[in-house]
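**Q** I have a structure I would like to understand better, so I am pasting it below and will then ask my questions one at a time.
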Amino acid sequence: MLSWFLAALTLVVVVLTAVPLGRHLWQVFDDRPHPGWDPWLLPVESALMRWIGDRGQPATSAWAYLQPFLIANACFGGVAFALLAFQPAWLNPLGWPGMRWDTALHTAISFVTNTDQQHYTPEQSLGPLAQLGALQFLMYVSAASGLAVGFAVIRGLCGLPLGNFHQQLIRSLTRVLLPGSLLLAVLLLISGVPMTLAEPLPITTLEGGRQLLIRGPVALYEAIKQLGENGGGYYGANSAHPFENPNGLTNLVSGWAMLAIPAATIDAFGRFLGNRRQSTVLLLLVTGLIAAGAALAMAAELGGNPALGEWISGPNLEGKELRFGAGLTAFWATLTTGSMTGAVNGAMDSLMPLANLVTLFNLFLQVVFGGQGTGVAYLLVFMVLAVFLTGLMVGRTPEFLGRKVEKAEVVWSSLVLLIHPLFVLLPAAVTMAGADALAGISNPGPQGISQVVYEYASAAANNGSGMEGLGDGTPWWNLTASISLLGGRYLPIVALVLLADGFARKPALPPGPGTLRTDTALFTGVLAVVLLILGALTFFPVLALGPIAAGMALFS
Amino acid sequence: MTTLPAQPIFPRMPRGRRDQRRYTPRPRQKGLVRRAALQAFVKLDPRIAVRNPVMFVVWCGTVVCLLATGMPNLFGGGAENSGRVFNGLISLTLLATLLFANFAEALAEGRGKAQADALRRTQARTQARLLDPQGGGERLVDSSMLRRGDVVMVSAGDTIPADGEVIEGVASVDESAITGESAPVLKEAGSDVAGSVTGGTRILSDQLTIRITADPGKGFIDRMIALVEGAERTKTPNEIALTVLLAVLTQVFLIAVATLPPLAAYLKEPTPVVTLVALLVALIPTTIGGLLSAIGIAGMDRVAQFNVIATSGRAVEACGDINTLVLDKTGTITLGNRLAEEFLPVGGHSEVELAQVAYGASAFDQTPEGRSIARLVEQRSSVVPFASLPVALDGASGIEFSARTRMSGTDAADGSEYRKGAVEAIKGFVRSRGGTIPEDLDATYEQVSRLGGTPLAVCRGGTIFGVIYLKDIIKPGIRERFDQLRRMGIRTVMLTGDNPITAGVIAREAGVDDFIAEATPEDKIAVIEGEQKLGKLVAMTGDGSNDAPALAQANVGVAMNSGTQAAKEAANMVDLDSDPTKLIDIVTIGKQLLITRGALTTFSVANDVAKYFAILPALFAGIGLGPLNLMGLASPRSAILSAMVFNAVIIPALVPLALKGVEFRPLSAEQLLRRNLLLYGLGGVITPFVGIKAIDLAIAALGFR
């Protein structure tokens with residue numbers, strides 16, 4: 001019962017905090033003055049802009065916006081790759097060597113794309129310099145890049161110019177992610193998360209064994225990991241590790257932090273649009289979807305495993321931290337896959353088939369809050385498609401937010417539909433067909449299929465979680481997952497920015513009685529069905545072969 | 001409660017007066033189906049099939065299945081081979097899907113062709129007497145040789161060789177070939193409306209000199225023929241966008257199906273190629289893919305049936321998006337002509353005096369209003385003993401009405417100037433002649449205006465004699481049409497030369513949303529531009545030369561066939577019946593086109609849910625997906641076959657809907673969406689469940705396992 005109450009409480013708090021945070025985000029990305037913040041931060045931001053050599057002019061075209069975004073991301077990734085591949089001795093007390101090139105490449109790409117898929121064990125391969133200088137740095141800038149692009153898309157769809165990427169990137173850091181993560185870090189620090197640069201502590205265990213306790217500046221790392229929807233752990237066990245997530249309070253706060261910014265972004269969208277009703281129905285829709293998913297997953301986990309019914313009854317506790325229990329682990333699994341954070345506080349591989357289905361479905365949809373900035377953008381793309389599909393049925397050229405949806409909009413939106421089949425299904429099929437790569441699968445039957453599909457889905461959706469047990473530290477996995485990571489991040493962003501830029505240049509039409517309104521309960525219902533059908537139709541065969549087949553086998 | 005007579009809420013076909021009209025370009029329907037069935041096979045040619053991406057995937061699938069039927073072991077033996085009979089049956093259903101889609105398109109094209117032939121008959125080749133530009137006589141040339149700018153002579157009995165403008169002569173012309181109106185029309189040079197002639201019409205009396213205004217093959221009829229035949233049919237923006245979406249969905253499903261075999265192989269589950277092809281074809285949107293072009297062609301065909309010539313499909317679709325309709329009052333909202341109803345003398349003059357002056361002012365006025373004044377004078381003379389009408393008409397000259405002066409009249413030989421016109425205009429005229437304005441003029445003027453009539457002031461020189469009450473009759477049923485438009489979200493603006501009070505009364509009675517009184521041609525453009533600045537799409541009708549710029553400025557311009565050549569050139573559409581309210585019908589066709597596409601797309605995509613539940617459990621029965629067989633289909637093979645039969649049969653089942661168009665009701669967007677979602681969305685989910693189950697029962701009854 002407690003887990004149901006705490007889960008509901010988390011979602012309610014997410015919706016409530018979305019309003020003030022959304023207001024703040026709107027102020028940050030709107031071009032208006034921001035009293036209270038400007039006097040402190042403008043000098044710093046201007047100095048940074050001067051250092052980059054950008055005069056702060058808004059982008060004049062989609063490519064003018066994308067160019068600095070792509071260059072900046074390439075630079076961030078390049079620096080991180082170098083640090084990971086040639087890990088220097090400085091701030092590296094245990095003297096870890098550099099990563100193998102393919103692991104370093106995969107890790108750099110994974111963190112720069114805001115994914116944080118980890119094909120290595122951090123505490124056994126990286127010192128504080130790499131953890132902070134490469135990974136934590138990427139956590140900040142990748143989340144900031146996502147926010148910048150997300151708000152550029154929102155601005156475009158609301159008819160405003162896209163803005164200046166560098167300015168938005170810097171403002172995301174100075175006004176959102178840095179202050180937010182610092183506050184959250186203090187909270188986590190008080191709750192017992194370590195924050196130190198001290199060397200590893202040798203201890204003697206109760207059994208008399210010798211052990212090295214790896215310490216680090218975990219509190220801030222953890223804060224940006226959750227708030228920036230990154231999800232890459234300081235430790236291999238991620239949020240199941242007592243240093244990352246020591247107790248029930250940190251568990252709840254971390255759960256909230258995953259959804260806080262994407263929920264607020266939806267609210268900010270309504271403020272940009274000047275139609276709060278629109279953002280409110282969207283926020284409720286998405287919250288409803290994640291609540292439904294969470295309810296299914298929690299019911300599945302709390303229901304227990306019938307195969308073990310002969311010996312134990314009660315919830316499915318395999319792969320769970322007893323500090324959190326089966327219910328809250330299932331809730332967290334839903335939040336982390338829905339929000340593209342990818343942090344885990346239990347073993348995803350051990351989830352019941354139904355819970356697995358929910359997590360996979362979340363990864364396929366990418367909009368039940370979705371990634372930092374990009375989640376709302378995907379939601380808007382689905383709205384464009386829903387408007388186009390159903391809008392024709394009112395007998396007018398479909399209109400979205402007062403502008404016509406024509407060929408260009410359909411091309412760029414439907415391109416986003418193609419990304420997942422291309423970067424999830426194709427590599428999964430190739431992997432399953434190739435005997436060599438199959439060596440990594442640790443499960444026979446449908447669960448094996450789920451593992452492989454999950455890995456690529458997590459990469460392409462920029463989530464980063466994994467159904468662990470997959471032997472993914474091989475060049476095959478590192479390289480193919482890198483392709484999915486890049487394809488799943490940059491192609492949709494290019495399409496989104498082109499869509500938004502073209503959209504902003506279209507003439508706005510005043511709404512009339514013949515116009516299809518998108519802020520009504522009816523349209524929101526349509527949107528939900530379009531989301532589920534477009535999401536399910538494409539992936540139904542894979543889901544049938546994976547979790548559905550596993551569930552059928554388990555319960556029949 | 002009373003029951004209203006069953007009446008279509010919104011007419012798809014013309015009703016009332018227009019309905020009784022004889023449409024000459026009636027296509028011949030005989031043999032259409034047979035020819036379309038033949039064409040369906042011709043269209044199997046891969047060079048034609050490749051034009052439709054969705055159906056081309058089906059085409060490729062059919063080839064694969066036929067190969068698998070001929071050589072069952074081609075794609076692997078054993079479990080991968082589902083047997084020759086099954087492969088053959090699946091191939092047949094795929095072939096049927098292709099043929100049905102081709103048939104739908106061929107049928108629409110056939111109807112268009114028949115329509116085009118009917119139109120073409122009106123412009124059979126004739127010989128034309130071409131005048132030599134150097135003035136040296138004339139020579140006979142074939143009408144197809146005529147170029148824009150050529151000058152030809154036609155005399156009684158000839159067929160007018162091409163569209164043109166009368167530059168000399170007066171003649172009566174029989175235009176029934178294109179308009180269906182049997183009464184001959186007077187054509188004369190220099191006149192705005194009567195100055196244009198259309199190729200294919202016949203001159204009945206006298207002779208005309210005509211300057212050709214269209215190159216061969218570029219006339220309105222030619223453009224319409226190309227459009228209804230589908231030969232030069234360029235896809236409209238919405239159609240292109242939809243094609244893109246359908247192509248992407250097809251690719252998505254192609255990847256989803258193509259990646260299945262390796263995944264299934266991991267579970268040691270064989271995936272026969274024929275079954276995979278069946279799954280793919282079931283999932284891709286074949287229903288809408290197969291009917292998309294038929295919908296477009298049928299839409300053009302419907303426009304042609306309304307006796308409207310559209311220059312592009314784009315224009316018809318744009319009609320569906322119209323926000324504002326700019327209409328002339330006269331002929332559209334009110335019955336063409338105002339008639340003189342009463343003489344209202346002012347300033348102490350008698351009715352007799354007023355009638356005399358009015359008669360004088362109308363002596364040369366051949367407009368219906370002018371003639372009605374003369375008629376009223378004659379009628380009244382039996383009641384009121386008029387003295388002789390002392391208007392000396394010998395040597396007098398007529399002053400024509402112009403939009404600028406807004407009055408007309410007669411200059412008599414004795415120098416007295418008879419004038420009648422808008423009250424303001426006459427006041428100005430009287431002042432300029434040093435006269436005074438009677439005090440009771442304004443009261444009379446307002447009295448007439450408040451009745452919705454048009455007051456015409458009458459004066460001779462500097463003296464105003466009174467006001468003629470011209471009565472306007474609002475067309476019956478027009479109010480309901482404007483109500484429908486309002487529910488569709490279209491604002492109507494009435495333009496009239498009337499004074500604001502009269503205009504207001506008529507606007508209120510007719511139920512238009514807004515009106516511009518005392519409008520000049522420039523006002524038309526100003527109104528259109530103003531609306532367009534607000535981002536609205538504007539449609540307007542017009543006929544005069546001075547309407548041409550406004551017709552060109554409007555997003556959709558409909559010219560009347562009785563109108564000038566300039567107006568027709570500037571417009572997107574020409575109404576052969578010259579009926580301005582027809583724009584409302586075209587708006588409906590435009591909306592129907594979009595709704596039909598959207599509804600069938602939604603239906604097609606919604607169908608996939610049931611098809612999944614039919615085929616997937618059948619395909620993966622071996623790994624325990626049996627419980628997903630919600631419909632309880634007899635066997636895996638019959639399940640797949642049933643889904644494929646349904647997929648094929650649904651296309652011809654929807655052909656009538658595609659050709660006729662989804663019925664459009666003038667409802668708000670929200671109501672329309674709710675209604676169509678229920679019908680085509682929910683219906684699209686449920687129908688295949690019922691259909692596939694029924695087909696499965698039939699197949700099982702035949703003993704197929």
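Quick note on naming: the chains in the structure tokens go A, B, ... in the order shown, residues restart at 1 in each chain, and ligands are numbered from 1 in order of appearance.
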List the spatial neighbours of Lys404 in chain A as number ranges by chain - criterion: any atom at most 8 Å away, only C-alpha atoms, same-chain residues fewer than 6 positions off excluded.
**A** A: 397-398, 506
**Q** Do a neighbour search on Thr250 in chain A at 12 Å with only C-alpha atoms, toss out local chain neighbours closer than 2 positions, and write the hits as a short mmCIF file (atom, residue, chain, number, x, y, z; two decimals) with N, CA and C atoms, in the first residue's frame.
**A**
data_model
loop_
_atom_site.label_atom_id
_atom_site.label_comp_id
_atom_site.auth_asym_id
_atom_site.auth_seq_id
_atom_site.Cartn_x
_atom_site.Cartn_y
_atom_site.Cartn_z
N LEU A 184 19.73 20.23 -5.44
CA LEU A 184 19.42 18.81 -5.27
C LEU A 184 20.58 18.09 -4.59
N ALA A 185 21.83 18.49 -4.94
CA ALA A 185 23.01 17.85 -4.36
C ALA A 185 23.06 18.08 -2.86
N VAL A 186 22.71 19.31 -2.45
CA VAL A 186 22.73 19.60 -1.01
C VAL A 186 21.72 18.71 -0.29
N LEU A 187 20.56 18.57 -0.90
CA LEU A 187 19.52 17.72 -0.32
C LEU A 187 20.00 16.28 -0.19
N LEU A 188 20.65 15.79 -1.27
CA LEU A 188 21.14 14.41 -1.26
C LEU A 188 22.27 14.26 -0.24
N LEU A 189 23.11 15.30 -0.18
CA LEU A 189 24.24 15.30 0.76
C LEU A 189 23.72 15.15 2.19
N ILE A 190 22.69 15.92 2.52
CA ILE A 190 22.10 15.86 3.85
C ILE A 190 21.51 14.48 4.10
N SER A 191 20.98 13.86 3.04
CA SER A 191 20.36 12.55 3.20
C SER A 191 21.37 11.41 3.24
N GLY A 192 22.65 11.73 3.09
CA GLY A 192 23.65 10.69 3.30
C GLY A 192 24.43 10.28 2.07
N VAL A 193 24.34 11.02 0.98
CA VAL A 193 25.13 10.70 -0.21
C VAL A 193 26.50 11.35 -0.06
N ALA A 219 27.32 13.19 -4.63
CA ALA A 219 26.05 13.92 -4.47
C ALA A 219 25.74 14.79 -5.68
N GLU A 222 25.18 12.65 -8.77
CA GLU A 222 23.86 12.03 -8.70
C GLU A 222 22.77 13.05 -9.07
N ALA A 223 22.98 14.29 -8.58
CA ALA A 223 21.97 15.32 -8.82
C ALA A 223 21.80 15.58 -10.31
N GLN A 226 20.20 12.64 -12.30
CA GLN A 226 18.74 12.52 -12.28
C GLN A 226 18.07 13.72 -12.95
N SER A 239 21.68 3.41 -9.21
CA SER A 239 20.92 3.88 -8.05
C SER A 239 20.53 2.76 -7.10
N ALA A 240 21.00 1.56 -7.35
CA ALA A 240 20.81 0.51 -6.37
C ALA A 240 21.95 0.52 -5.34
N HIS A 241 23.00 1.30 -5.67
CA HIS A 241 24.18 1.38 -4.79
C HIS A 241 23.86 2.29 -3.60
N PRO A 242 24.23 1.88 -2.39
CA PRO A 242 23.87 2.70 -1.21
C PRO A 242 24.51 4.08 -1.21
N PHE A 243 25.62 4.29 -1.92
CA PHE A 243 26.21 5.64 -1.96
C PHE A 243 25.44 6.55 -2.92
N GLU A 244 24.83 5.96 -3.93
CA GLU A 244 24.08 6.79 -4.88
C GLU A 244 22.66 7.07 -4.40
N ASN A 245 22.08 6.07 -3.74
CA ASN A 245 20.66 6.16 -3.39
C ASN A 245 20.48 5.46 -2.05
N PRO A 246 20.89 6.15 -0.96
CA PRO A 246 20.99 5.43 0.32
C PRO A 246 19.65 5.04 0.95
N ASN A 247 18.60 5.83 0.77
CA ASN A 247 17.38 5.51 1.53
C ASN A 247 16.12 5.89 0.79
N GLY A 248 15.00 5.66 1.41
CA GLY A 248 13.70 5.92 0.78
C GLY A 248 13.54 7.36 0.37
N LEU A 252 12.83 8.73 -3.44
CA LEU A 252 11.68 9.53 -3.87
C LEU A 252 12.14 10.80 -4.57
N VAL A 253 13.11 11.49 -3.96
CA VAL A 253 13.58 12.75 -4.54
C VAL A 253 14.19 12.49 -5.92
N SER A 254 14.94 11.37 -6.04
CA SER A 254 15.55 11.06 -7.34
C SER A 254 14.48 10.76 -8.38
N GLY A 255 13.42 10.06 -7.94
CA GLY A 255 12.32 9.76 -8.85
C GLY A 255 11.66 11.04 -9.35
N TRP A 256 11.43 11.97 -8.44
CA TRP A 256 10.84 13.26 -8.83
C TRP A 256 11.76 13.99 -9.80
N ALA A 257 13.08 13.95 -9.49
CA ALA A 257 14.04 14.73 -10.30
C ALA A 257 14.05 14.26 -11.75
N ARG A 323 15.66 -2.18 0.37
CA ARG A 323 15.38 -0.83 0.89
C ARG A 323 14.16 -0.23 0.20
N PHE A 324 13.97 -0.58 -1.09
CA PHE A 324 12.88 0.05 -1.87
C PHE A 324 11.70 -0.89 -2.07
N ASN A 345 17.34 1.29 -10.13
CA ASN A 345 17.57 0.95 -8.72
C ASN A 345 17.26 -0.52 -8.46
#
**Q** Using only C-alpha atoms, find which residues of chain A lie within 8 Å of chain B and jot them down as a ChimeraX atom specification.
**A** /A:389-397,406-408,410-411,414-415,417-418,421-422,425-426,428-430,432-433,445-446,449,507-510,512-517,522,537-539,541-542,544-545,548-549,552-553
**Q** Point out the residue among B:Asp117, B:Val538, B:Ala189, B:Leu208 with the least atom-to-atom distance to Ile160 in chain B, counting only C-alpha atoms.
**A**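 The shortest atom-to-atom distance to Ile160 in chain B comes from B:Leu208.
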**Q** Just checking: using only C-alpha atoms, which residue out of B:Leu376, B:Ala554, B:Ala68, B:Ala304 ends up closest to Gly542 in chain B?
**A** B:Ala554
**Q** Using only C-alpha atoms, which residue out of A:Leu470, A:Val14, A:Ile483, A:Ala347 lies closest to Ala237 in chain A?
**A** A:Ala347
**Q** DSSP on the backbone, strand (DSSP E) only: what residues of range 106-307 of chain B does that give? Format it as number ranges by chain.
**A** B: 127-131, 138-142, 151-155, 164-168, 170-174, 185-188, 196-197, 202-203, 207-212
**Q** Write a file of the just-selected residues containing N, CA and C atoms, as a tab-separated table (two decimals), in the first residue's frame.
**A**
chain	number	residue	atom	x	y	z
B	127	GLN	N	-14.21	24.80	-89.22
B	127	GLN	CA	-13.43	25.68	-90.06
B	127	GLN	C	-13.68	27.10	-89.57
B	128	ALA	N	-12.67	27.88	-89.57
B	128	ALA	CA	-12.84	29.26	-89.12
B	128	ALA	C	-12.40	30.20	-90.23
B	129	ARG	N	-13.14	31.32	-90.34
B	129	ARG	CA	-12.74	32.33	-91.35
B	129	ARG	C	-11.81	33.31	-90.67
B	130	LEU	N	-10.54	33.14	-90.96
B	130	LEU	CA	-9.52	33.97	-90.32
B	130	LEU	C	-9.33	35.25	-91.13
B	131	LEU	N	-9.41	36.38	-90.47
B	131	LEU	CA	-9.21	37.65	-91.16
B	131	LEU	C	-7.72	37.95	-91.21
B	138	GLU	N	-10.06	37.30	-96.16
B	138	GLU	CA	-10.13	36.25	-95.16
B	138	GLU	C	-9.82	34.92	-95.79
B	139	ARG	N	-9.38	33.94	-94.95
B	139	ARG	CA	-9.16	32.59	-95.50
B	139	ARG	C	-9.66	31.58	-94.48
B	140	LEU	N	-9.97	30.38	-95.01
B	140	LEU	CA	-10.49	29.32	-94.15
B	140	LEU	C	-9.34	28.56	-93.51
B	141	VAL	N	-9.39	28.43	-92.18
B	141	VAL	CA	-8.37	27.60	-91.51
B	141	VAL	C	-9.09	26.66	-90.56
B	142	ASP	N	-8.38	25.62	-90.16
B	142	ASP	CA	-8.94	24.70	-89.18
B	142	ASP	C	-8.93	25.39	-87.81
B	151	VAL	N	-7.99	37.12	-85.46
B	151	VAL	CA	-9.33	37.68	-85.56
B	151	VAL	C	-10.12	36.86	-86.57
B	152	VAL	N	-11.29	36.40	-86.19
B	152	VAL	CA	-12.09	35.59	-87.10
B	152	VAL	C	-13.48	36.17	-87.23
B	153	MET	N	-14.13	35.75	-88.34
B	153	MET	CA	-15.51	36.16	-88.59
B	153	MET	C	-16.39	34.94	-88.41
B	154	VAL	N	-17.53	35.12	-87.74
B	154	VAL	CA	-18.51	34.03	-87.70
B	154	VAL	C	-19.86	34.63	-88.05
B	155	SER	N	-20.64	33.87	-88.78
B	155	SER	CA	-21.98	34.37	-89.07
B	155	SER	C	-23.00	33.27	-88.79
B	164	GLY	N	-13.17	33.66	-77.18
B	164	GLY	CA	-12.74	34.93	-77.71
B	164	GLY	C	-13.58	36.08	-77.21
B	165	GLU	N	-13.26	37.24	-77.75
B	165	GLU	CA	-13.91	38.46	-77.35
B	165	GLU	C	-14.52	39.09	-78.60
B	166	VAL	N	-15.75	39.53	-78.47
B	166	VAL	CA	-16.40	40.15	-79.64
B	166	VAL	C	-15.81	41.54	-79.83
B	167	ILE	N	-15.32	41.83	-81.04
B	167	ILE	CA	-14.82	43.18	-81.25
B	167	ILE	C	-15.73	43.95	-82.20
B	168	GLU	N	-16.62	43.25	-82.87
B	168	GLU	CA	-17.53	43.97	-83.75
B	168	GLU	C	-18.80	43.15	-83.93
B	170	VAL	N	-23.29	42.49	-83.42
B	170	VAL	CA	-24.27	42.07	-82.43
B	170	VAL	C	-24.88	40.79	-82.97
B	171	ALA	N	-25.03	39.77	-82.13
B	171	ALA	CA	-25.61	38.53	-82.62
B	171	ALA	C	-26.18	37.74	-81.46
B	172	SER	N	-27.09	36.85	-81.76
B	172	SER	CA	-27.57	35.98	-80.69
B	172	SER	C	-26.84	34.64	-80.82
B	173	VAL	N	-26.48	34.11	-79.68
B	173	VAL	CA	-25.65	32.90	-79.66
B	173	VAL	C	-26.34	31.85	-78.79
B	174	ASP	N	-26.33	30.63	-79.30
B	174	ASP	CA	-26.90	29.52	-78.54
B	174	ASP	C	-25.78	28.88	-77.72
B	185	VAL	N	-28.40	33.83	-76.21
B	185	VAL	CA	-27.84	34.95	-75.46
B	185	VAL	C	-27.38	35.99	-76.47
B	186	LEU	N	-27.60	37.25	-76.12
B	186	LEU	CA	-27.18	38.33	-77.01
B	186	LEU	C	-25.71	38.64	-76.77
B	187	LYS	N	-24.95	38.66	-77.85
B	187	LYS	CA	-23.54	39.00	-77.71
B	187	LYS	C	-23.27	40.26	-78.51
B	188	GLU	N	-22.54	41.19	-77.91
B	188	GLU	CA	-22.23	42.40	-78.68
B	188	GLU	C	-20.88	42.94	-78.27
B	196	SER	N	-18.01	38.29	-74.37
B	196	SER	CA	-17.13	37.14	-74.52
B	196	SER	C	-17.90	35.94	-75.06
B	197	VAL	N	-17.26	35.19	-75.91
B	197	VAL	CA	-17.89	34.00	-76.46
B	197	VAL	C	-17.00	32.79	-76.15
B	202	ARG	N	-22.81	28.18	-80.67
B	202	ARG	CA	-23.30	28.34	-82.04
B	202	ARG	C	-23.95	29.70	-82.20
B	203	ILE	N	-23.62	30.38	-83.30
B	203	ILE	CA	-24.21	31.69	-83.53
B	203	ILE	C	-25.48	31.51	-84.35
B	207	GLN	N	-23.82	38.43	-87.59
B	207	GLN	CA	-22.43	37.97	-87.59
B	207	GLN	C	-21.57	38.76	-86.61
B	208	LEU	N	-20.48	38.13	-86.21
B	208	LEU	CA	-19.59	38.71	-85.20
B	208	LEU	C	-18.16	38.65	-85.70
B	209	THR	N	-17.39	39.64	-85.27
B	209	THR	CA	-15.95	39.57	-85.47
B	209	THR	C	-15.35	39.30	-84.09
B	210	ILE	N	-14.55	38.27	-84.02
B	210	ILE	CA	-14.08	37.83	-82.71
B	210	ILE	C	-12.56	37.82	-82.67
B	211	ARG	N	-12.02	38.33	-81.56
B	211	ARG	CA	-10.58	38.19	-81.36
B	211	ARG	C	-10.37	36.98	-80.44
B	212	ILE	N	-9.58	36.03	-80.92
B	212	ILE	CA	-9.36	34.79	-80.16
B	212	ILE	C	-8.51	35.09	-78.93
**Q** Can you tell me how far CA of Leu177 in chain A sits from CA of Pro128 in chain A, in Å to one decimal?
**A**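 For CA of Leu177 in chain A relative to CA of Pro128 in chain A, the distance reads 20.9 Å.
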